[in-house]
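> Have a look at this one.
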Amino acid sequence: MEENAIIPLEEEGPDNSWKVRTLVVGGVLGALVGVGAAFLLTKRAEQKGTQLAVTPAKGVQLGVMIAGLLRSILSLGED
């Protein structure tokens, strides 16, 4: 078989089904959390009577928090 050949999904076997399931569940949960966070941010802005404005400082703070969250998620697999 060629080195760059595309292997159909059926030939990968049942061992990889958990990978696909994990990616799908993670993607769906991530999308739901993202939409929920956006909803809460817009709801709070509406209650205050202002437009949503994310400053660069708040963006960096959010990025650092997300990086910490991802690091915590990655450490779940370590024993």
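Ligands are numbered from 1 in the order shown, residues from 1 within each chain, and chains are lettered A, B, ... in the order they appear in the structure tokens.
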Extract the full set of helix (DSSP H, G or I) residues from stretch 27-79 of chain A according to DSSP on the backbone, and format it as a CSV table (one decimal) with C-alpha atoms, in the first residue's frame.


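The resulting selection_22.csv:
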```csv
chain,number,residue,atom,x,y,z
A,27,GLY,CA,-17.2,19.7,19.9
A,28,VAL,CA,-20.9,19.7,20.8
A,29,LEU,CA,-20.2,20.5,24.5
A,30,GLY,CA,-17.7,23.3,23.5
A,31,ALA,CA,-20.3,24.8,21.1
A,32,LEU,CA,-23.0,24.7,23.8
A,33,VAL,CA,-20.7,26.3,26.4
A,34,GLY,CA,-19.7,29.0,23.9
A,35,VAL,CA,-23.2,29.9,22.9
A,36,GLY,CA,-24.3,29.9,26.6
A,37,ALA,CA,-21.4,32.2,27.5
A,38,ALA,CA,-22.3,34.6,24.6
A,39,PHE,CA,-25.9,34.6,25.7
A,40,LEU,CA,-25.0,35.5,29.2
A,41,LEU,CA,-22.7,38.3,28.1
A,42,THR,CA,-25.3,39.8,25.8
A,43,LYS,CA,-28.0,39.4,28.5
A,44,ARG,CA,-25.9,41.3,31.0
A,45,ALA,CA,-25.1,44.0,28.5
A,46,GLU,CA,-28.8,44.4,27.8
A,47,GLN,CA,-29.6,44.6,31.5
A,48,LYS,CA,-27.0,47.4,31.9
A,56,PRO,CA,-7.8,44.0,25.0
A,57,ALA,CA,-7.0,43.5,28.7
A,58,LYS,CA,-10.2,41.5,29.2
A,59,GLY,CA,-9.4,39.5,26.1
A,60,VAL,CA,-5.9,38.6,27.4
A,61,GLN,CA,-7.4,37.7,30.8
A,62,LEU,CA,-10.0,35.4,29.1
A,63,GLY,CA,-7.3,33.8,27.0
A,64,VAL,CA,-5.2,33.0,30.1
A,65,MET,CA,-8.2,31.6,31.8
A,66,ILE,CA,-9.0,29.4,28.9
A,67,ALA,CA,-5.4,28.2,28.6
A,68,GLY,CA,-5.5,27.2,32.3
A,69,LEU,CA,-8.8,25.4,31.8
A,70,LEU,CA,-7.3,23.5,28.8
A,71,ARG,CA,-4.2,22.6,30.9
A,72,SER,CA,-6.5,21.2,33.7
A,73,ILE,CA,-8.5,19.2,31.1
A,74,LEU,CA,-5.3,17.7,29.7
A,75,SER,CA,-4.1,16.7,33.2
```

> One decimal, in Å: what's the spacing between atom CA of A:Ile6 and atom CA of A:Thr22?

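Separation of atom CA of A:Ile6 and atom CA of A:Thr22: 22.2 Å.
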